[in-house]
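Okay, run.txt is below, compact mmCIF, C-alpha atoms:
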```txt
# COMPACT_ATOMS: atom_id res chain seq x y z
CA MET A 861 -23.16 11.95 13.58
CA SER A 862 -24.40 8.49 14.50
CA GLN A 863 -23.15 6.67 17.58
CA PRO A 864 -20.72 3.79 16.73
CA ILE A 865 -21.95 0.25 17.52
CA VAL A 866 -18.96 -0.43 19.75
CA THR A 867 -17.99 2.63 21.75
CA PRO A 868 -14.61 2.85 23.54
CA GLU A 869 -16.43 2.26 26.84
CA LEU A 870 -18.19 -0.89 25.55
CA ALA A 871 -14.93 -2.17 24.06
CA ARG A 872 -13.19 -1.70 27.42
CA ALA A 873 -16.00 -3.52 29.22
CA LEU A 874 -15.76 -6.41 26.74
CA ASN A 875 -12.00 -6.53 27.27
CA PHE A 876 -12.70 -6.76 31.01
CA VAL A 877 -14.87 -9.83 30.35
CA GLY A 878 -12.14 -11.42 28.19
CA MET A 879 -9.44 -10.67 30.74
CA MET A 880 -11.49 -12.12 33.60
CA ALA A 881 -12.16 -15.25 31.49
CA MET A 882 -8.37 -15.75 31.21
CA VAL A 883 -7.93 -15.07 34.94
CA GLY A 884 -10.69 -17.64 35.64
CA VAL A 885 -8.96 -20.27 33.51
CA LEU A 886 -5.64 -19.62 35.30
CA ILE A 887 -7.30 -19.87 38.75
CA GLY A 888 -9.01 -23.09 37.63
CA ALA A 889 -5.68 -24.53 36.44
CA ILE A 890 -4.03 -23.70 39.78
CA ILE A 891 -6.95 -25.29 41.73
CA ILE A 892 -6.79 -28.45 39.57
CA GLN A 893 -3.01 -28.57 40.08
CA PHE A 894 -3.48 -28.80 43.87
CA TYR A 895 -6.67 -30.90 43.82
CA TYR A 896 -5.10 -33.68 41.72
CA ARG A 897 -1.62 -33.08 43.17
CA GLU A 898 -0.18 -32.87 39.66
CA LEU A 899 2.43 -30.30 38.74
CA PRO A 900 2.12 -28.69 35.29
CA CYS A 901 4.67 -29.80 32.67
CA THR A 902 6.83 -27.41 30.64
CA LEU A 903 4.32 -27.21 27.79
CA CYS A 904 1.44 -26.71 30.28
CA LEU A 905 3.30 -23.78 31.87
CA LEU A 906 4.00 -22.28 28.43
CA GLN A 907 0.24 -22.38 27.74
CA ARG A 908 -0.39 -20.56 31.02
CA LEU A 909 2.29 -18.04 29.96
CA ALA A 910 0.40 -17.41 26.71
CA MET A 911 -2.89 -17.03 28.61
CA VAL A 912 -1.30 -14.40 30.84
CA GLY A 913 -0.03 -12.64 27.70
CA VAL A 914 -3.58 -12.56 26.31
CA ALA A 915 -4.88 -11.27 29.66
CA VAL A 916 -2.23 -8.49 29.81
CA GLY A 917 -3.18 -7.37 26.26
CA ALA A 918 -6.84 -7.18 27.30
CA ALA A 919 -5.84 -5.40 30.53
CA MET A 920 -3.96 -2.77 28.48
CA ASN A 921 -7.12 -2.20 26.42
CA LEU A 922 -9.06 -1.89 29.67
CA MET A 923 -6.67 0.49 31.43
CA LEU A 924 -5.34 2.58 28.53
CA GLY A 925 -8.23 2.38 26.05
CA PRO A 926 -8.65 0.17 22.96
CA ASP A 927 -5.62 0.20 20.67
CA ALA A 928 -4.46 -1.98 17.77
CA ARG A 929 -1.15 -2.60 19.57
CA ASN A 930 -2.91 -4.04 22.61
CA TYR A 931 -4.99 -6.35 20.41
CA GLY A 932 -1.70 -7.32 18.76
CA VAL A 933 -0.31 -8.39 22.14
CA CYS A 934 -3.40 -10.62 22.60
CA LEU A 935 -3.05 -12.08 19.11
CA VAL A 936 0.70 -12.81 19.28
CA SER A 937 0.20 -14.49 22.68
CA ALA A 938 -2.74 -16.53 21.34
CA VAL A 939 -0.75 -17.71 18.30
CA PHE A 940 2.12 -18.75 20.61
CA GLY A 941 -0.33 -20.57 22.92
CA MET A 942 -2.02 -22.30 19.99
CA ALA A 943 1.36 -23.59 18.75
CA ILE A 944 2.14 -25.04 22.19
CA SER A 945 -1.37 -26.56 22.62
CA LEU A 946 -1.29 -28.14 19.15
CA ARG A 947 2.17 -29.54 19.79
CA GLN A 948 1.08 -31.14 23.08
CA SER A 949 -2.19 -32.43 21.59
CA MET A 950 -0.25 -34.01 18.71
CA LEU A 951 2.08 -35.71 21.19
CA HIS A 952 -0.89 -37.46 22.82
CA ILE A 953 -3.43 -37.78 20.03
CA ASN A 954 -1.60 -40.49 18.12
CA PRO A 955 -1.41 -43.70 20.14
CA PHE A 956 0.61 -45.56 17.54
CA PHE A 957 3.99 -44.19 18.51
CA ASP A 958 5.62 -45.08 21.79
CA LYS A 959 6.51 -41.78 23.44
CA SER A 960 9.46 -43.29 25.29
CA THR A 961 11.11 -44.97 22.30
CA GLY A 962 9.70 -42.96 19.38
CA LEU A 963 9.06 -46.25 17.55
CA PRO A 964 5.74 -47.39 15.99
CA THR A 965 3.61 -49.65 18.21
CA MET A 966 0.06 -51.03 18.19
CA GLU A 967 -0.27 -50.66 21.96
CA SER A 968 -2.95 -48.04 22.58
CA THR A 969 -1.53 -47.49 26.06
CA ALA A 970 1.90 -46.48 24.72
CA ASN A 971 1.10 -42.77 24.79
CA MET A 972 -1.41 -42.06 27.52
CA PRO A 973 -2.96 -38.58 27.92
CA PHE A 974 -1.20 -36.20 30.32
CA GLY A 975 -3.17 -35.17 33.38
CA GLU A 976 -6.85 -35.32 34.22
CA SER A 977 -9.55 -34.50 31.67
CA ILE A 978 -12.00 -31.67 32.32
CA LEU A 979 -15.49 -32.04 30.78
CA GLY A 980 -14.13 -34.80 28.56
CA LEU A 981 -11.16 -32.88 27.17
CA ASN A 982 -7.59 -32.72 28.40
CA MET A 983 -6.17 -29.37 29.41
CA TYR A 984 -4.02 -29.02 26.28
CA VAL A 985 -7.06 -29.69 24.03
CA TRP A 986 -8.93 -27.00 25.97
CA GLY A 987 -5.90 -24.83 25.17
CA VAL A 988 -6.57 -25.25 21.42
CA VAL A 989 -10.23 -24.28 21.97
CA ILE A 990 -9.38 -21.27 24.16
CA PHE A 991 -6.64 -19.83 21.96
CA GLY A 992 -8.76 -20.38 18.82
CA THR A 993 -11.61 -18.51 20.50
CA VAL A 994 -9.26 -15.66 21.47
CA MET A 995 -8.00 -15.32 17.87
CA LEU A 996 -11.57 -15.23 16.54
CA ALA A 997 -12.71 -12.75 19.21
CA VAL A 998 -9.76 -10.40 18.57
CA ALA A 999 -10.36 -10.54 14.80
CA ILE A 1000 -14.07 -9.74 15.24
CA ALA A 1001 -13.35 -7.01 17.82
CA GLN A 1002 -11.13 -5.16 15.35
CA LEU A 1003 -13.93 -4.95 12.80
CA PHE A 1004 -15.55 -2.22 14.91
CA HIS A 1005 -13.34 0.84 14.48
CA GLY A 1006 -15.64 3.14 16.47
CA GLN A 1007 -13.85 1.92 19.59
CA PHE A 1008 -10.57 3.55 18.44
CA GLU A 1009 -12.07 7.04 18.33
CA PRO A 1010 -11.13 9.40 21.18
CA SER A 1011 -13.46 8.84 24.12
CA LYS A 1012 -15.07 11.39 26.39
CA LYS A 1013 -14.29 11.56 30.08
CA GLU A 1014 -13.79 8.12 31.61
CA PRO A 1015 -16.86 6.96 33.60
CA LYS A 1016 -16.13 6.26 37.25
CA TRP A 1017 -17.59 2.72 37.12
CA LEU A 1018 -15.21 1.83 34.28
CA SER A 1019 -12.23 3.16 36.19
CA GLN A 1020 -13.21 1.10 39.26
CA LEU A 1021 -13.82 -1.99 37.09
CA ALA A 1022 -10.36 -1.61 35.56
CA THR A 1023 -8.64 -1.20 38.95
CA ILE A 1024 -10.35 -4.26 40.45
CA GLY A 1025 -9.95 -6.42 37.31
CA VAL A 1026 -6.28 -5.64 36.64
CA GLY A 1027 -5.59 -5.91 40.40
CA SER A 1028 -6.92 -9.48 40.35
CA LEU A 1029 -4.73 -10.21 37.31
CA VAL A 1030 -1.66 -8.91 39.18
CA VAL A 1031 -2.44 -11.20 42.16
CA VAL A 1032 -2.95 -14.29 39.97
CA VAL A 1033 0.20 -13.68 37.88
CA ALA A 1034 2.27 -13.05 41.02
CA LEU A 1035 0.92 -16.30 42.52
CA GLN A 1036 1.73 -18.18 39.31
CA THR A 1037 5.27 -16.73 39.32
CA VAL A 1038 5.86 -17.91 42.90
CA LEU A 1039 4.41 -21.37 42.14
CA THR A 1040 6.60 -21.65 39.03
CA PHE A 1041 9.69 -20.79 41.05
CA LEU A 1042 8.77 -23.35 43.74
CA GLU A 1043 8.23 -25.99 41.03
CA CYS A 1044 11.09 -25.27 38.65
CA GLY A 1045 13.57 -23.06 40.51
CA PRO A 1046 15.95 -21.16 38.24
CA GLY A 1047 16.42 -24.09 35.84
CA ASP A 1048 14.29 -26.36 33.65
CA CYS A 1049 10.82 -27.49 34.74
CA PRO A 1050 9.99 -31.21 35.22
CA ASN A 1051 8.22 -32.85 32.28
CA ASN A 1052 6.62 -35.85 33.92
CA GLY A 1053 3.97 -34.32 36.15
CA GLY A 1054 3.78 -35.85 39.62
CA TRP A 1055 4.41 -33.82 42.76
CA ASP A 1056 8.16 -33.23 42.42
CA TRP A 1057 8.62 -29.63 43.64
CA TRP A 1058 12.09 -28.13 43.11
CA ILE A 1059 11.91 -26.52 46.55
CA LEU A 1060 11.39 -29.93 48.23
CA ARG A 1061 14.24 -31.74 46.47
CA MET B 561 13.88 -19.36 32.70
CA MET B 562 10.17 -20.08 33.15
CA THR B 563 10.13 -18.13 36.42
CA LEU B 564 11.80 -15.18 34.64
CA ALA B 565 9.15 -15.23 31.90
CA PHE B 566 6.30 -15.20 34.44
CA GLY B 567 8.14 -12.56 36.45
CA LEU B 568 8.27 -10.25 33.42
CA LEU B 569 4.54 -10.68 32.91
CA ALA B 570 3.89 -10.01 36.60
CA LEU B 571 5.95 -6.79 36.35
CA SER B 572 4.07 -5.77 33.22
CA ALA B 573 0.67 -6.32 34.91
CA PHE B 574 1.80 -4.60 38.10
CA PHE B 575 3.07 -1.43 36.43
CA LEU B 576 -0.04 -1.35 34.23
CA TRP B 577 -2.19 -1.45 37.37
CA TYR B 578 -0.02 0.89 39.49
CA ARG B 579 1.14 3.49 36.95
CA LYS B 580 -0.94 2.82 33.84
CA ALA B 581 2.37 2.08 32.13
CA SER B 582 1.98 1.79 28.37
CA TRP B 583 5.35 0.07 27.81
CA GLY B 584 4.15 -3.22 29.33
CA TRP B 585 3.69 -4.74 25.88
CA SER B 586 7.49 -4.93 25.45
CA LEU B 587 7.75 -7.06 28.61
CA VAL B 588 5.04 -9.37 27.25
CA LEU B 589 6.99 -9.82 24.02
CA ALA B 590 10.20 -10.46 26.00
CA ALA B 591 8.36 -13.14 28.04
CA LEU B 592 7.04 -14.76 24.85
CA ILE B 593 10.56 -14.81 23.35
CA ILE B 594 11.80 -16.60 26.48
CA GLY B 595 8.83 -18.98 26.04
CA ILE B 596 9.85 -19.68 22.44
CA VAL B 597 13.42 -20.45 23.58
CA ILE B 598 12.09 -22.87 26.25
CA PHE B 599 9.76 -24.47 23.67
CA VAL B 600 12.53 -24.98 21.11
CA GLN B 601 14.78 -26.48 23.80
CA ASP B 602 11.95 -28.82 24.86
CA VAL B 603 11.36 -30.26 21.39
CA ASP B 604 13.60 -33.19 20.54
CA PHE B 605 13.75 -32.47 16.83
CA SER B 606 15.76 -35.56 15.94
CA THR B 607 13.18 -38.06 17.24
CA ASN B 608 9.88 -36.29 17.76
CA LEU B 609 9.28 -33.77 15.03
CA GLY B 610 9.78 -36.09 12.08
CA ILE B 611 7.66 -38.90 13.49
CA GLN B 612 4.94 -37.35 15.58
CA LEU B 613 4.23 -34.12 13.78
```
Could you spell out this file's structure in structure tokens?
Amino acid sequence: MSQPIVTPELARALNFVGMMAMVGVLIGAIIIQFYYRELPCTLCLLQRLAMVGVAVGAAMNLMLGPDARNYGVCLVSAVFGMAISLRQSMLHINPFFDKSTGLPTMESTANMPFGESILGLNMYVWGVVIFGTVMLAVAIAQLFHGQFEPSKKEPKWLSQLATIGVGSLVVVVALQTVLTFLECGPGDCPNNGGWDWWILR
Amino acid sequence: MMTLAFGLLALSAFFLWYRKASWGWSLVLAALIIGIVIFVQDVDFSTNLGIQL
């Protein structure tokens, strides 16, 4: 019997790469938040929530082995994140409506972008790119069914990779939870950026 | 609400790491449902949706 193109071990390693990409984006977002002293808005936090959902789905593939349900967790989270990113992009992409009044205007400054741009794109536009990429990657990954076959004994390097990778995810998500509580408290989060921490009010 | 959603995800990731818990997906879905509720509350349907989307 021929060896499948994507073995369970390779699929788990690829899920590690995907999970660490999400962790990297989350760390980058937290660094940018403090560097520019700009708190994330509600929609920005919801995009981070979706990214964590994608990362947890990939982490489940990494820890428990590839499974359609785990890919489903990634996909549902990516669809949710894409909806939020598109909504926020739409809010800022059309300059001909005044965001404060909702009325048509010819002033191009009526609806300025939210936050700093990174490599020419705002964070919410990057969100569209990232979640689109996740959807495509999950769809392509599921084409290779060899990964769902029972695997032999787990290699030690893979077990160590999973422990370190998912451990870093736990730390980042715990940090994000604490930061969210300090920003929003138990209630609604601020929508206007700035540096208005709930804990300092 | 937002803190609760992130807290559920943190719990899911922690138990996956600590116990290899396979039920973490249900916490992710619960967090996403909270996210949908926050999103729907955030959208001002009467003014925004009709004009800007």
Can you tell me, as a PDB file with C-alpha atoms, in the frame of the given file, which residues sit within 8 Å of (7.9, -4.2, 32.9) in the file's frame, using only C-alpha atoms?
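What landed in selection00.pdb:
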```pdb
ATOM      1  CA  LEU B 568       8.270 -10.250  33.420  1.00  0.00           C
ATOM      2  CA  LEU B 569       4.540 -10.680  32.910  1.00  0.00           C
ATOM      3  CA  ALA B 570       3.890 -10.010  36.600  1.00  0.00           C
ATOM      4  CA  LEU B 571       5.950  -6.790  36.350  1.00  0.00           C
ATOM      5  CA  SER B 572       4.070  -5.770  33.220  1.00  0.00           C
ATOM      6  CA  ALA B 573       0.670  -6.320  34.910  1.00  0.00           C
ATOM      7  CA  PHE B 575       3.070  -1.430  36.430  1.00  0.00           C
ATOM      8  CA  TRP B 583       5.350   0.070  27.810  1.00  0.00           C
ATOM      9  CA  GLY B 584       4.150  -3.220  29.330  1.00  0.00           C
ATOM     10  CA  SER B 586       7.490  -4.930  25.450  1.00  0.00           C
ATOM     11  CA  LEU B 587       7.750  -7.060  28.610  1.00  0.00           C
TER      12      LEU B 587
END
```
**Message:** Just checking: using all atoms listed in the file, which residue out of B:Ala590, B:Gly595, B:Val600, B:Arg579 ends up closest to chain A?
**Reply:**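 Ranking B:Ala590, B:Gly595, B:Val600, B:Arg579 by distance to chain A, first place goes to B:Gly595.
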For the interface of chain A with chain B (cut-off 7 Å, counting only C-alpha atoms), please tabulate each contacting residue of chain A alongside its nearest pair of atoms and their separation in Å to one decimal, rows sorted by chain and increasing number, as CSV.
```
residue,atom,partner,partner_atom,distance
A:Leu906,CA,B:Gly595,CA,6.3
A:Leu909,CA,B:Phe566,CA,6.6
A:Gly913,CA,B:Val588,CA,6.0
A:Val916,CA,B:Ala573,CA,6.3
A:Met923,CA,B:Lys580,CA,6.6
A:Leu924,CA,B:Lys580,CA,6.9
A:Val933,CA,B:Trp585,CA,6.6
A:Met950,CA,B:Leu613,CA,6.7
A:Leu951,CA,B:Gln612,CA,6.5
A:Gly962,CA,B:Thr607,CA,6.4
A:Thr1023,CA,B:Trp577,CA,6.6
A:Val1026,CA,B:Trp577,CA,5.9
A:Gly1027,CA,B:Trp577,CA,6.4
A:Val1030,CA,B:Ala573,CA,5.5
A:Val1033,CA,B:Ala570,CA,5.4
A:Ala1034,CA,B:Ala570,CA,5.6
A:Thr1037,CA,B:Phe566,CA,5.2
A:Thr1040,CA,B:Thr563,CA,5.6
A:Phe1041,CA,B:Thr563,CA,5.4
A:Pro1046,CA,B:Met561,CA,6.2
A:Gly1047,CA,B:Met561,CA,6.2
```
**Prompt:** Mind pulling up the distance from CA of Pro900 (chain A) to CA of Trp1058 (chain A)?
**Reply:**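 For CA of Trp1058 (chain A) relative to CA of Pro900 (chain A), the distance reads 12.7 Å.
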**Request:** Name the residues in contact with region 944-946 of chain A at a cut-off of 9 Å, using all atoms listed in the file, excluding same-chain residues fewer than 3 positions from it; report them as an MDAnalysis selection string.
**Result:** (chainID A and resid 903:904 906:907 939:941 949:951 983:988 991) or (chainID B and resid 599)
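One finds CA of Trp1057 (chain A) at 24.4 Å from CA of Leu1029 (chain A).
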**Request:** Rank nothing, just name the residue among A:Met880, A:Ala928, A:Met920, A:Leu1042 nearest to Gln1007 (chain A), using all atoms listed in the file.
**Result:** A:Ala928
Hey, could you pull the box centre and edge lengths for region 1010-1029 of chain A, axis-aligned, 6 Å padding per side, all listed atoms, to one decimal in Å, as JSON?
```
{"center_x": -11.2, "center_y": 0.7, "center_z": 30.8, "size_x": 24.9, "size_y": 33.8, "size_z": 31.3}
```
**Item:** Nearest to Asp1048 (chain A), chosen from A:Leu905, A:Met911, A:Ile892, A:Ala999, with only C-alpha atoms counted in the distances
**Value:**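 Using only C-alpha atoms, the shortest distance to Asp1048 (chain A) belongs to A:Leu905.
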**Asked** For the atom pair CA of Ala918 (chain A) and CA of Met882 (chain A), what is the interatomic distance in Å to one decimal place?
**Response** 9.5 Å
**Item:** A:Val994, A:Leu1039, A:Val877, A:Met942 ranked by distance to Gln893 (chain A), top pick (using only C-alpha atoms)
**Value:** A:Leu1039
